[in-house]
Amino acid sequence: QAQLVESGGGSVQTGGSLRLSCGASGHIFSSYCMGWFRQIQGKEREWVASIFVGGGNTYYADSVKGRFTVSQEKDKKMWYLQMSNLKPEDTATYYCASDGFFERGGCTMKDNEYTYWGQGTQVTVSS
């Protein structure tokens, strides 16, 4: 069983940057993916990015590609989402999630295929 804790959220202006961190306790399997999702209240959770823990392969939603970077420090059980050139539409609560399926096409984008979730951290981007 794993427990995840996100940090690093906050308020920035358009064009600013933030780095979200996700610390894990318990076992994180290298054969699975760590994912980042975001959710606006009243809307469905949206996949943002994932990293295959074993190989470090990264995957991004089109809406964040080129602006966000996911990385990891496996020995420290830390995962990061570096967010740059932030836009107001990036405003949401961001979650990290572990034990996501790794399939032939890469990490799953489906939230119900990740097992453990953090509590979320709020990111607000003002124009």
# chains A, B, ... in the order shown; residues from 1 in each chain; ligands from 1
>>> residues_around(residues="Thr58 (chain A)", least_positions_apart="6", cutoff="8 Å", atoms="only C-alpha atoms", output="list in words")
Ala49, Ser50, Ile51, Phe52 and Val70 of chain A
>>> write_last_selection(atoms="N, CA and C atoms", output="PDB file, in the first residue's frame")
ATOM      1  N   ALA A  49      -0.347  14.166 -17.118  1.00  0.00           N
ATOM      2  CA  ALA A  49       0.945  13.589 -17.523  1.00  0.00           C
ATOM      3  C   ALA A  49       1.193  12.331 -16.710  1.00  0.00           C
ATOM      4  N   SER A  50       2.079  11.496 -17.225  1.00  0.00           N
ATOM      5  CA  SER A  50       2.481  10.297 -16.507  1.00  0.00           C
ATOM      6  C   SER A  50       3.929   9.982 -16.788  1.00  0.00           C
ATOM      7  N   ILE A  51       4.499   9.196 -15.890  1.00  0.00           N
ATOM      8  CA  ILE A  51       5.862   8.707 -16.079  1.00  0.00           C
ATOM      9  C   ILE A  51       5.891   7.233 -15.721  1.00  0.00           C
ATOM     10  N   PHE A  52       6.523   6.441 -16.575  1.00  0.00           N
ATOM     11  CA  PHE A  52       6.699   5.031 -16.276  1.00  0.00           C
ATOM     12  C   PHE A  52       7.847   4.922 -15.284  1.00  0.00           C
ATOM     13  N   VAL A  70       7.304  16.118 -16.346  1.00  0.00           N
ATOM     14  CA  VAL A  70       7.203  15.205 -15.218  1.00  0.00           C
ATOM     15  C   VAL A  70       8.548  14.515 -15.036  1.00  0.00           C
TER      16      VAL A  70
END
>>> select_by_dssp(residues="region 41-107 of chain A", states="strand (DSSP E or B)", output="ChimeraX atom specification")
/A:46-52,58-60,68-73,78-83,92-100,102-103,106-107
>>> write_last_selection(atoms="N, CA and C atoms", output="short mmCIF file (atom, residue, chain, number, x, y, z; two decimals), in the first residue's frame")
data_model
loop_
_atom_site.label_atom_id
_atom_site.label_comp_id
_atom_site.auth_asym_id
_atom_site.auth_seq_id
_atom_site.Cartn_x
_atom_site.Cartn_y
_atom_site.Cartn_z
N GLU A 46 -9.10 15.22 -15.10
CA GLU A 46 -8.43 15.25 -16.39
C GLU A 46 -7.00 14.77 -16.23
N TRP A 47 -6.59 13.86 -17.08
CA TRP A 47 -5.21 13.38 -17.08
C TRP A 47 -4.30 14.48 -17.62
N VAL A 48 -3.15 14.66 -16.95
CA VAL A 48 -2.21 15.70 -17.34
C VAL A 48 -0.92 15.09 -17.89
N ALA A 49 -0.35 14.17 -17.12
CA ALA A 49 0.95 13.59 -17.52
C ALA A 49 1.19 12.33 -16.71
N SER A 50 2.08 11.50 -17.23
CA SER A 50 2.48 10.30 -16.51
C SER A 50 3.93 9.98 -16.79
N ILE A 51 4.50 9.20 -15.89
CA ILE A 51 5.86 8.71 -16.08
C ILE A 51 5.89 7.23 -15.72
N PHE A 52 6.52 6.44 -16.57
CA PHE A 52 6.70 5.03 -16.28
C PHE A 52 7.85 4.92 -15.28
N THR A 58 8.00 9.33 -20.44
CA THR A 58 7.02 10.34 -20.03
C THR A 58 5.96 10.54 -21.10
N TYR A 59 4.78 10.92 -20.64
CA TYR A 59 3.62 11.08 -21.52
C TYR A 59 2.86 12.31 -21.06
N TYR A 60 2.34 13.07 -22.03
CA TYR A 60 1.69 14.34 -21.71
C TYR A 60 0.40 14.52 -22.48
N PHE A 68 4.75 21.52 -19.51
CA PHE A 68 4.88 20.76 -18.26
C PHE A 68 5.92 19.65 -18.46
N THR A 69 6.63 19.34 -17.39
CA THR A 69 7.60 18.25 -17.41
C THR A 69 7.45 17.41 -16.16
N VAL A 70 7.30 16.12 -16.35
CA VAL A 70 7.20 15.20 -15.22
C VAL A 70 8.55 14.52 -15.04
N SER A 71 8.95 14.35 -13.79
CA SER A 71 10.24 13.72 -13.50
C SER A 71 10.14 12.95 -12.20
N GLN A 72 11.20 12.23 -11.88
CA GLN A 72 11.18 11.42 -10.66
C GLN A 72 12.56 11.29 -10.05
N GLU A 73 12.58 11.07 -8.76
CA GLU A 73 13.77 10.66 -8.04
C GLU A 73 13.35 9.41 -7.28
N MET A 78 10.19 10.41 -4.83
CA MET A 78 9.63 11.73 -5.11
C MET A 78 9.34 11.84 -6.60
N TRP A 79 8.21 12.43 -6.91
CA TRP A 79 7.81 12.68 -8.28
C TRP A 79 7.47 14.16 -8.41
N TYR A 80 7.73 14.72 -9.57
CA TYR A 80 7.59 16.16 -9.75
C TYR A 80 6.81 16.47 -11.03
N LEU A 81 6.10 17.58 -10.97
CA LEU A 81 5.48 18.12 -12.17
C LEU A 81 5.91 19.58 -12.26
N GLN A 82 6.84 19.86 -13.15
CA GLN A 82 7.28 21.22 -13.39
C GLN A 82 6.34 21.86 -14.40
N MET A 83 5.73 22.95 -14.01
CA MET A 83 4.74 23.62 -14.85
C MET A 83 5.25 25.01 -15.21
N ALA A 92 -6.69 24.53 -11.28
CA ALA A 92 -7.35 23.28 -10.89
C ALA A 92 -6.69 22.76 -9.62
N THR A 93 -7.28 21.72 -9.07
CA THR A 93 -6.62 20.94 -8.03
C THR A 93 -5.86 19.82 -8.72
N TYR A 94 -4.59 19.69 -8.40
CA TYR A 94 -3.73 18.71 -9.04
C TYR A 94 -3.49 17.54 -8.09
N TYR A 95 -3.56 16.35 -8.65
CA TYR A 95 -3.38 15.12 -7.89
C TYR A 95 -2.28 14.27 -8.51
N CYS A 96 -1.50 13.61 -7.66
CA CYS A 96 -0.64 12.55 -8.17
C CYS A 96 -1.28 11.21 -7.82
N ALA A 97 -0.99 10.23 -8.62
CA ALA A 97 -1.59 8.92 -8.45
C ALA A 97 -0.58 7.86 -8.85
N SER A 98 -0.57 6.75 -8.14
CA SER A 98 0.43 5.72 -8.38
C SER A 98 -0.20 4.41 -8.83
N ASP A 99 0.69 3.52 -9.23
CA ASP A 99 0.30 2.18 -9.66
C ASP A 99 -0.62 2.20 -10.86
N GLY A 100 -0.35 3.12 -11.77
CA GLY A 100 -1.13 3.15 -13.00
C GLY A 100 -0.64 2.10 -13.97
N PHE A 102 0.76 0.23 -17.11
CA PHE A 102 1.64 0.52 -18.24
C PHE A 102 1.27 -0.44 -19.33
N GLU A 103 0.79 0.08 -20.46
CA GLU A 103 0.30 -0.76 -21.54
C GLU A 103 1.21 -0.59 -22.75
N GLY A 106 1.89 2.87 -23.68
CA GLY A 106 2.46 3.73 -22.67
C GLY A 106 1.62 3.72 -21.39
N CYS A 107 1.73 4.76 -20.61
CA CYS A 107 0.99 4.85 -19.36
C CYS A 107 -0.48 5.13 -19.62
#
>>> residues_around(residues="Leu4 (chain A)", least_positions_apart="4", cutoff="12 Å", atoms="only C-alpha atoms", output="compact mmCIF listing (two decimals) with all heavy atoms, in the first residue's frame")
# COMPACT_ATOMS: atom_id res chain seq x y z
N SER A 21 5.28 18.67 -6.18
CA SER A 21 6.00 17.49 -5.70
C SER A 21 5.01 16.47 -5.18
O SER A 21 3.94 16.83 -4.65
CB SER A 21 6.96 17.88 -4.58
OG SER A 21 7.92 18.82 -5.02
N CYS A 22 5.37 15.23 -5.32
CA CYS A 22 4.55 14.13 -4.82
C CYS A 22 5.49 13.18 -4.10
O CYS A 22 6.36 12.56 -4.73
CB CYS A 22 3.83 13.44 -5.96
SG CYS A 22 2.88 11.98 -5.49
N GLY A 23 5.34 13.08 -2.79
CA GLY A 23 6.15 12.18 -2.00
C GLY A 23 5.37 10.92 -1.67
O GLY A 23 4.19 10.99 -1.33
N ALA A 24 6.03 9.80 -1.79
CA ALA A 24 5.37 8.53 -1.57
C ALA A 24 5.96 7.80 -0.38
O ALA A 24 7.17 7.84 -0.14
CB ALA A 24 5.48 7.65 -2.81
N SER A 25 5.10 7.14 0.37
CA SER A 25 5.54 6.19 1.38
C SER A 25 4.92 4.85 1.03
O SER A 25 3.88 4.79 0.38
CB SER A 25 5.11 6.64 2.78
OG SER A 25 3.70 6.75 2.86
N GLY A 26 5.56 3.78 1.45
CA GLY A 26 5.11 2.47 1.01
C GLY A 26 5.78 2.13 -0.31
O GLY A 26 6.57 2.89 -0.84
N HIS A 27 5.39 0.99 -0.86
CA HIS A 27 6.08 0.50 -2.05
C HIS A 27 5.49 1.07 -3.33
O HIS A 27 4.27 1.08 -3.49
CB HIS A 27 5.99 -1.03 -2.09
CG HIS A 27 6.90 -1.62 -3.12
ND1 HIS A 27 8.27 -1.65 -2.97
CD2 HIS A 27 6.65 -2.15 -4.33
CE1 HIS A 27 8.82 -2.21 -4.02
NE2 HIS A 27 7.85 -2.52 -4.88
N ILE A 28 6.34 1.56 -4.18
CA ILE A 28 5.95 2.01 -5.51
C ILE A 28 6.59 1.05 -6.52
O ILE A 28 7.80 0.93 -6.57
CB ILE A 28 6.41 3.45 -5.80
CG1 ILE A 28 5.84 4.42 -4.78
CG2 ILE A 28 6.02 3.84 -7.23
CD1 ILE A 28 4.32 4.56 -4.84
N MET A 34 3.37 6.51 -12.58
CA MET A 34 2.91 7.57 -11.70
C MET A 34 2.24 8.61 -12.58
O MET A 34 2.82 9.03 -13.58
CB MET A 34 4.07 8.19 -10.95
CG MET A 34 3.69 9.26 -9.94
SD MET A 34 2.81 8.59 -8.52
CE MET A 34 4.17 7.85 -7.64
N GLY A 35 1.06 9.01 -12.20
CA GLY A 35 0.33 9.96 -13.02
C GLY A 35 0.02 11.25 -12.29
O GLY A 35 -0.01 11.30 -11.06
N TRP A 36 -0.19 12.28 -13.08
CA TRP A 36 -0.67 13.57 -12.57
C TRP A 36 -2.01 13.87 -13.24
O TRP A 36 -2.14 13.76 -14.47
CB TRP A 36 0.32 14.68 -12.86
CG TRP A 36 1.56 14.62 -12.04
CD1 TRP A 36 2.74 13.99 -12.36
CD2 TRP A 36 1.77 15.19 -10.75
NE1 TRP A 36 3.65 14.14 -11.35
CE2 TRP A 36 3.08 14.88 -10.35
CE3 TRP A 36 0.97 15.94 -9.88
CZ2 TRP A 36 3.61 15.29 -9.13
CZ3 TRP A 36 1.49 16.36 -8.67
CH2 TRP A 36 2.80 16.03 -8.30
N LYS A 77 11.77 8.46 -3.61
CA LYS A 77 10.32 8.28 -3.74
C LYS A 77 9.64 9.63 -3.93
O LYS A 77 8.64 9.95 -3.25
CB LYS A 77 9.75 7.53 -2.54
CG LYS A 77 10.19 6.07 -2.46
CD LYS A 77 9.45 5.34 -1.35
CE LYS A 77 9.85 3.90 -1.26
NZ LYS A 77 9.15 3.18 -0.19
N MET A 78 10.19 10.41 -4.83
CA MET A 78 9.63 11.73 -5.11
C MET A 78 9.34 11.84 -6.60
O MET A 78 10.13 11.42 -7.44
CB MET A 78 10.61 12.83 -4.72
CG MET A 78 10.83 12.98 -3.23
SD MET A 78 9.34 13.50 -2.33
CE MET A 78 9.04 15.09 -3.09
N TRP A 79 8.21 12.43 -6.91
CA TRP A 79 7.81 12.68 -8.28
C TRP A 79 7.47 14.16 -8.41
O TRP A 79 6.99 14.77 -7.45
CB TRP A 79 6.62 11.80 -8.67
CG TRP A 79 7.05 10.40 -8.96
CD1 TRP A 79 7.29 9.85 -10.18
CD2 TRP A 79 7.31 9.37 -8.00
NE1 TRP A 79 7.69 8.55 -10.04
CE2 TRP A 79 7.72 8.22 -8.71
CE3 TRP A 79 7.26 9.30 -6.60
CZ2 TRP A 79 8.06 7.02 -8.10
CZ3 TRP A 79 7.60 8.11 -5.98
CH2 TRP A 79 7.99 6.99 -6.72
N TYR A 95 -3.56 16.35 -8.65
CA TYR A 95 -3.38 15.12 -7.89
C TYR A 95 -2.28 14.27 -8.51
O TYR A 95 -2.19 14.18 -9.74
CB TYR A 95 -4.66 14.29 -7.89
CG TYR A 95 -5.86 14.97 -7.29
CD1 TYR A 95 -6.69 15.77 -8.07
CD2 TYR A 95 -6.17 14.80 -5.94
CE1 TYR A 95 -7.80 16.39 -7.52
CE2 TYR A 95 -7.28 15.41 -5.38
CZ TYR A 95 -8.08 16.21 -6.17
OH TYR A 95 -9.19 16.82 -5.62
N CYS A 96 -1.50 13.61 -7.66
CA CYS A 96 -0.64 12.55 -8.17
C CYS A 96 -1.28 11.21 -7.82
O CYS A 96 -2.04 11.11 -6.84
CB CYS A 96 0.77 12.64 -7.62
SG CYS A 96 0.93 12.49 -5.83
N ALA A 97 -0.99 10.23 -8.62
CA ALA A 97 -1.59 8.92 -8.45
C ALA A 97 -0.58 7.86 -8.85
O ALA A 97 0.18 8.05 -9.81
CB ALA A 97 -2.85 8.79 -9.29
N SER A 98 -0.57 6.75 -8.14
CA SER A 98 0.43 5.72 -8.38
C SER A 98 -0.20 4.41 -8.83
O SER A 98 -1.42 4.23 -8.80
CB SER A 98 1.26 5.47 -7.11
OG SER A 98 0.46 4.84 -6.13
N ASP A 99 0.69 3.52 -9.23
CA ASP A 99 0.30 2.18 -9.66
C ASP A 99 -0.62 2.20 -10.86
O ASP A 99 -1.57 1.39 -10.94
CB ASP A 99 -0.33 1.40 -8.50
CG ASP A 99 0.67 1.04 -7.43
OD1 ASP A 99 1.74 1.68 -7.39
OD2 ASP A 99 0.40 0.15 -6.61
N THR A 115 -4.19 3.38 -8.68
CA THR A 115 -4.69 2.81 -7.43
C THR A 115 -4.67 3.78 -6.26
O THR A 115 -5.66 3.90 -5.54
CB THR A 115 -3.87 1.57 -7.05
OG1 THR A 115 -3.91 0.64 -8.15
CG2 THR A 115 -4.42 0.91 -5.80
N TYR A 116 -3.56 4.45 -6.05
CA TYR A 116 -3.42 5.30 -4.87
C TYR A 116 -3.35 6.76 -5.30
O TYR A 116 -2.74 7.10 -6.32
CB TYR A 116 -2.16 4.92 -4.09
CG TYR A 116 -2.19 3.49 -3.61
CD1 TYR A 116 -1.42 2.52 -4.24
CD2 TYR A 116 -3.01 3.11 -2.56
CE1 TYR A 116 -1.45 1.20 -3.82
CE2 TYR A 116 -3.06 1.79 -2.14
CZ TYR A 116 -2.27 0.84 -2.77
OH TYR A 116 -2.32 -0.45 -2.36
N TRP A 117 -3.94 7.61 -4.47
CA TRP A 117 -4.06 9.03 -4.81
C TRP A 117 -3.62 9.90 -3.64
O TRP A 117 -3.85 9.57 -2.47
CB TRP A 117 -5.51 9.36 -5.15
CG TRP A 117 -5.94 8.73 -6.43
CD1 TRP A 117 -6.34 7.43 -6.64
CD2 TRP A 117 -6.02 9.38 -7.70
NE1 TRP A 117 -6.65 7.23 -7.96
CE2 TRP A 117 -6.47 8.41 -8.64
CE3 TRP A 117 -5.77 10.66 -8.15
CZ2 TRP A 117 -6.66 8.71 -9.99
CZ3 TRP A 117 -5.96 10.97 -9.49
CH2 TRP A 117 -6.40 9.99 -10.40
N GLY A 118 -3.04 11.04 -3.99
CA GLY A 118 -2.76 12.04 -2.99
C GLY A 118 -4.00 12.87 -2.70
O GLY A 118 -5.05 12.68 -3.30
N GLN A 119 -3.84 13.83 -1.81
CA GLN A 119 -4.98 14.64 -1.35
C GLN A 119 -5.24 15.82 -2.27
O GLN A 119 -6.28 16.47 -2.18
CB GLN A 119 -4.74 15.14 0.08
CG GLN A 119 -3.85 16.38 0.20
CD GLN A 119 -2.39 16.15 -0.10
OE1 GLN A 119 -1.94 15.03 -0.31
NE2 GLN A 119 -1.62 17.22 -0.12
N GLY A 120 -4.30 16.12 -3.13
CA GLY A 120 -4.46 17.22 -4.07
C GLY A 120 -3.83 18.51 -3.58
O GLY A 120 -3.70 18.75 -2.37
N THR A 121 -3.42 19.33 -4.52
CA THR A 121 -2.87 20.64 -4.21
C THR A 121 -3.42 21.64 -5.23
O THR A 121 -3.49 21.35 -6.42
CB THR A 121 -1.32 20.62 -4.22
OG1 THR A 121 -0.81 21.88 -3.78
CG2 THR A 121 -0.76 20.31 -5.59
>>> atom_distance(atom1="CA of Asn85 (chain A)", atom2="CA of Arg38 (chain A)")
16.8 Å
>>> atom_distance(atom1="CA of Ala61 (chain A)", atom2="CA of Thr108 (chain A)")
11.5 Å
>>> atom_distance(atom1="CA of Leu18 (chain A)", atom2="CA of Gly66 (chain A)")
14.6 Å
>>> closest_residue(among="A:Gly15, A:Gly54, A:Gly9, A:Pro88", to="Arg67 (chain A)", atoms="only C-alpha atoms")
A:Gly15
>>> select_by_dssp(residues="chain A", states="helix (DSSP H, G or I)", output="list in words")
Lys74, Asp75, Lys76, Pro88, Glu89, Asp90, Asp111, Asn112 and Glu113 of chain A
>>> write_last_selection(atoms="N, CA, C and O atoms", output="compact mmCIF listing (two decimals), in the first residue's frame")
# COMPACT_ATOMS: atom_id res chain seq x y z
N LYS A 74 13.52 8.27 -7.94
CA LYS A 74 12.98 7.03 -7.39
C LYS A 74 13.58 6.69 -6.04
O LYS A 74 12.88 6.19 -5.15
N ASP A 75 14.87 6.96 -5.88
CA ASP A 75 15.51 6.60 -4.61
C ASP A 75 14.95 7.40 -3.46
O ASP A 75 14.99 6.96 -2.30
N LYS A 76 14.44 8.58 -3.76
CA LYS A 76 13.82 9.42 -2.72
C LYS A 76 12.31 9.25 -2.69
O LYS A 76 11.64 9.87 -1.88
N PRO A 88 -4.46 30.62 -17.35
CA PRO A 88 -5.62 30.56 -16.45
C PRO A 88 -6.37 29.23 -16.54
O PRO A 88 -6.90 28.75 -15.53
N GLU A 89 -6.39 28.62 -17.71
CA GLU A 89 -7.09 27.35 -17.86
C GLU A 89 -6.37 26.19 -17.18
O GLU A 89 -6.90 25.08 -17.12
N ASP A 90 -5.16 26.42 -16.66
CA ASP A 90 -4.47 25.40 -15.87
C ASP A 90 -4.92 25.41 -14.42
O ASP A 90 -4.53 24.54 -13.64
N ASP A 111 -8.18 7.53 -15.03
CA ASP A 111 -7.97 7.68 -13.59
C ASP A 111 -8.35 6.43 -12.81
O ASP A 111 -7.76 6.16 -11.76
N ASN A 112 -9.29 5.65 -13.34
CA ASN A 112 -9.68 4.44 -12.60
C ASN A 112 -8.68 3.31 -12.75
O ASN A 112 -8.88 2.23 -12.19
N GLU A 113 -7.59 3.56 -13.50
CA GLU A 113 -6.54 2.56 -13.61
C GLU A 113 -5.31 2.95 -12.80
O GLU A 113 -4.24 2.38 -12.99
>>> residues_around(residues="Lys87 (chain A)", least_positions_apart="6", cutoff="12 Å", atoms="only C-alpha atoms", output="PyMOL selection string")
chain A and resi 11-18+63-64+67-68+123-127
>>> write_last_selection(atoms="all heavy atoms", output="short mmCIF file (atom, residue, chain, number, x, y, z; two decimals), in the first residue's frame")
data_model
loop_
_atom_site.label_atom_id
_atom_site.label_comp_id
_atom_site.auth_asym_id
_atom_site.auth_seq_id
_atom_site.Cartn_x
_atom_site.Cartn_y
_atom_site.Cartn_z
N SER A 11 -0.57 30.23 -6.06
CA SER A 11 -1.16 31.18 -7.00
C SER A 11 -0.06 31.89 -7.77
O SER A 11 0.90 32.38 -7.16
CB SER A 11 -2.01 32.21 -6.25
OG SER A 11 -3.09 31.59 -5.59
N VAL A 12 -0.21 31.93 -9.08
CA VAL A 12 0.76 32.61 -9.94
C VAL A 12 0.01 33.38 -11.01
O VAL A 12 -1.18 33.14 -11.25
CB VAL A 12 1.74 31.63 -10.61
CG1 VAL A 12 2.61 30.94 -9.58
CG2 VAL A 12 1.02 30.62 -11.48
N GLN A 13 0.72 34.26 -11.67
CA GLN A 13 0.14 34.98 -12.80
C GLN A 13 0.41 34.22 -14.09
O GLN A 13 1.29 33.34 -14.15
CB GLN A 13 0.73 36.39 -12.87
CG GLN A 13 0.31 37.27 -11.71
CD GLN A 13 0.74 38.72 -11.89
OE1 GLN A 13 1.79 39.00 -12.46
NE2 GLN A 13 -0.09 39.64 -11.41
N THR A 14 -0.34 34.55 -15.09
CA THR A 14 -0.16 33.95 -16.41
C THR A 14 1.31 34.06 -16.84
O THR A 14 1.92 35.12 -16.70
CB THR A 14 -1.05 34.64 -17.44
OG1 THR A 14 -2.42 34.46 -17.07
CG2 THR A 14 -0.84 34.06 -18.82
N GLY A 15 1.82 32.93 -17.32
CA GLY A 15 3.22 32.90 -17.74
C GLY A 15 4.17 32.45 -16.65
O GLY A 15 5.35 32.19 -16.93
N GLY A 16 3.66 32.33 -15.43
CA GLY A 16 4.51 31.92 -14.33
C GLY A 16 4.75 30.43 -14.29
O GLY A 16 4.27 29.67 -15.14
N SER A 17 5.50 30.00 -13.28
CA SER A 17 5.88 28.60 -13.13
C SER A 17 5.64 28.12 -11.72
O SER A 17 5.70 28.91 -10.76
CB SER A 17 7.36 28.41 -13.47
OG SER A 17 7.65 28.78 -14.79
N LEU A 18 5.39 26.84 -11.61
CA LEU A 18 5.28 26.17 -10.32
C LEU A 18 5.83 24.77 -10.48
O LEU A 18 5.76 24.18 -11.57
CB LEU A 18 3.82 26.07 -9.85
CG LEU A 18 3.15 27.31 -9.27
CD1 LEU A 18 1.67 27.02 -9.05
CD2 LEU A 18 3.80 27.73 -7.98
N SER A 63 -2.71 19.42 -24.09
CA SER A 63 -2.92 20.75 -23.52
C SER A 63 -1.73 21.26 -22.71
O SER A 63 -1.63 22.46 -22.46
CB SER A 63 -4.17 20.75 -22.65
OG SER A 63 -4.06 19.81 -21.61
N VAL A 64 -0.85 20.35 -22.31
CA VAL A 64 0.29 20.76 -21.48
C VAL A 64 1.63 20.45 -22.12
O VAL A 64 2.68 20.84 -21.59
CB VAL A 64 0.22 20.13 -20.08
CG1 VAL A 64 -1.12 20.42 -19.42
CG2 VAL A 64 0.49 18.63 -20.11
N ARG A 67 4.97 22.53 -22.08
CA ARG A 67 4.94 23.46 -20.95
C ARG A 67 5.19 22.76 -19.61
O ARG A 67 5.74 23.35 -18.70
CB ARG A 67 3.58 24.17 -20.89
CG ARG A 67 3.26 24.98 -22.12
CD ARG A 67 2.01 25.83 -21.92
NE ARG A 67 0.82 25.02 -21.67
CZ ARG A 67 0.06 25.13 -20.56
NH1 ARG A 67 0.39 25.99 -19.61
NH2 ARG A 67 -1.01 24.37 -20.42
N PHE A 68 4.75 21.52 -19.51
CA PHE A 68 4.88 20.76 -18.26
C PHE A 68 5.92 19.65 -18.46
O PHE A 68 6.04 19.08 -19.56
CB PHE A 68 3.55 20.11 -17.88
CG PHE A 68 2.48 21.07 -17.41
CD1 PHE A 68 2.60 22.43 -17.58
CD2 PHE A 68 1.35 20.57 -16.79
CE1 PHE A 68 1.60 23.30 -17.15
CE2 PHE A 68 0.35 21.42 -16.35
CZ PHE A 68 0.47 22.79 -16.54
N VAL A 123 -3.77 24.78 -7.64
CA VAL A 123 -3.00 25.69 -8.49
C VAL A 123 -3.96 26.71 -9.07
O VAL A 123 -4.97 26.34 -9.67
CB VAL A 123 -2.29 24.92 -9.63
CG1 VAL A 123 -1.66 25.89 -10.63
CG2 VAL A 123 -1.24 23.98 -9.06
N THR A 124 -3.65 27.98 -8.86
CA THR A 124 -4.49 29.06 -9.38
C THR A 124 -3.64 29.99 -10.23
O THR A 124 -2.61 30.48 -9.77
CB THR A 124 -5.13 29.84 -8.23
OG1 THR A 124 -5.90 28.95 -7.41
CG2 THR A 124 -6.05 30.93 -8.78
N VAL A 125 -4.07 30.18 -11.47
CA VAL A 125 -3.34 31.04 -12.40
C VAL A 125 -4.24 32.22 -12.75
O VAL A 125 -5.34 32.03 -13.29
CB VAL A 125 -2.94 30.28 -13.67
CG1 VAL A 125 -2.08 31.18 -14.56
CG2 VAL A 125 -2.19 29.00 -13.32
N SER A 126 -3.80 33.40 -12.44
CA SER A 126 -4.59 34.60 -12.70
C SER A 126 -4.08 35.30 -13.95
O SER A 126 -2.89 35.27 -14.26
CB SER A 126 -4.54 35.53 -11.50
OG SER A 126 -3.21 35.89 -11.20
N SER A 127 -5.03 35.96 -14.62
CA SER A 127 -4.66 36.66 -15.87
C SER A 127 -4.23 38.08 -15.59
O SER A 127 -4.37 38.59 -14.48
CB SER A 127 -5.84 36.65 -16.82
OG SER A 127 -6.96 37.23 -16.21
#
>>> closest_residue(among="A:Thr91, A:Met109, A:Ser7, A:Phe101", to="Gln39 (chain A)", atoms="only C-alpha atoms")
A:Thr91
>>> closest_residue(among="A:Val53, A:Gly8, A:Gln3, A:Lys110", to="Ser30 (chain A)", atoms="only C-alpha atoms")
A:Val53
>>> decode(residues="region 80-96 of chain A", atoms="N, CA and C atoms", output="compact mmCIF listing (two decimals), in the first residue's frame")
# COMPACT_ATOMS: atom_id res chain seq x y z
N TYR A 80 7.73 14.72 -9.57
CA TYR A 80 7.59 16.16 -9.75
C TYR A 80 6.81 16.47 -11.03
N LEU A 81 6.10 17.58 -10.97
CA LEU A 81 5.48 18.12 -12.17
C LEU A 81 5.91 19.58 -12.26
N GLN A 82 6.84 19.86 -13.15
CA GLN A 82 7.28 21.22 -13.39
C GLN A 82 6.34 21.86 -14.40
N MET A 83 5.73 22.95 -14.01
CA MET A 83 4.74 23.62 -14.85
C MET A 83 5.25 25.01 -15.21
N SER A 84 5.36 25.27 -16.49
CA SER A 84 5.85 26.56 -16.97
C SER A 84 4.84 27.18 -17.91
N ASN A 85 5.02 28.48 -18.14
CA ASN A 85 4.11 29.21 -19.03
C ASN A 85 2.65 28.90 -18.68
N LEU A 86 2.35 29.03 -17.42
CA LEU A 86 1.01 28.67 -16.94
C LEU A 86 -0.05 29.61 -17.49
N LYS A 87 -1.22 29.04 -17.71
CA LYS A 87 -2.36 29.77 -18.27
C LYS A 87 -3.52 29.69 -17.29
N PRO A 88 -4.46 30.62 -17.35
CA PRO A 88 -5.62 30.56 -16.45
C PRO A 88 -6.37 29.23 -16.54
N GLU A 89 -6.39 28.62 -17.71
CA GLU A 89 -7.09 27.35 -17.86
C GLU A 89 -6.37 26.19 -17.18
N ASP A 90 -5.16 26.42 -16.66
CA ASP A 90 -4.47 25.40 -15.87
C ASP A 90 -4.92 25.41 -14.42
N THR A 91 -5.74 26.37 -14.05
CA THR A 91 -6.25 26.45 -12.68
C THR A 91 -7.07 25.21 -12.36
N ALA A 92 -6.69 24.53 -11.28
CA ALA A 92 -7.35 23.28 -10.89
C ALA A 92 -6.69 22.76 -9.62
N THR A 93 -7.28 21.72 -9.07
CA THR A 93 -6.62 20.94 -8.03
C THR A 93 -5.86 19.82 -8.72
N TYR A 94 -4.59 19.69 -8.40
CA TYR A 94 -3.73 18.71 -9.04
C TYR A 94 -3.49 17.54 -8.09
N TYR A 95 -3.56 16.35 -8.65
CA TYR A 95 -3.38 15.12 -7.89
C TYR A 95 -2.28 14.27 -8.51
N CYS A 96 -1.50 13.61 -7.66
CA CYS A 96 -0.64 12.55 -8.17
C CYS A 96 -1.28 11.21 -7.82
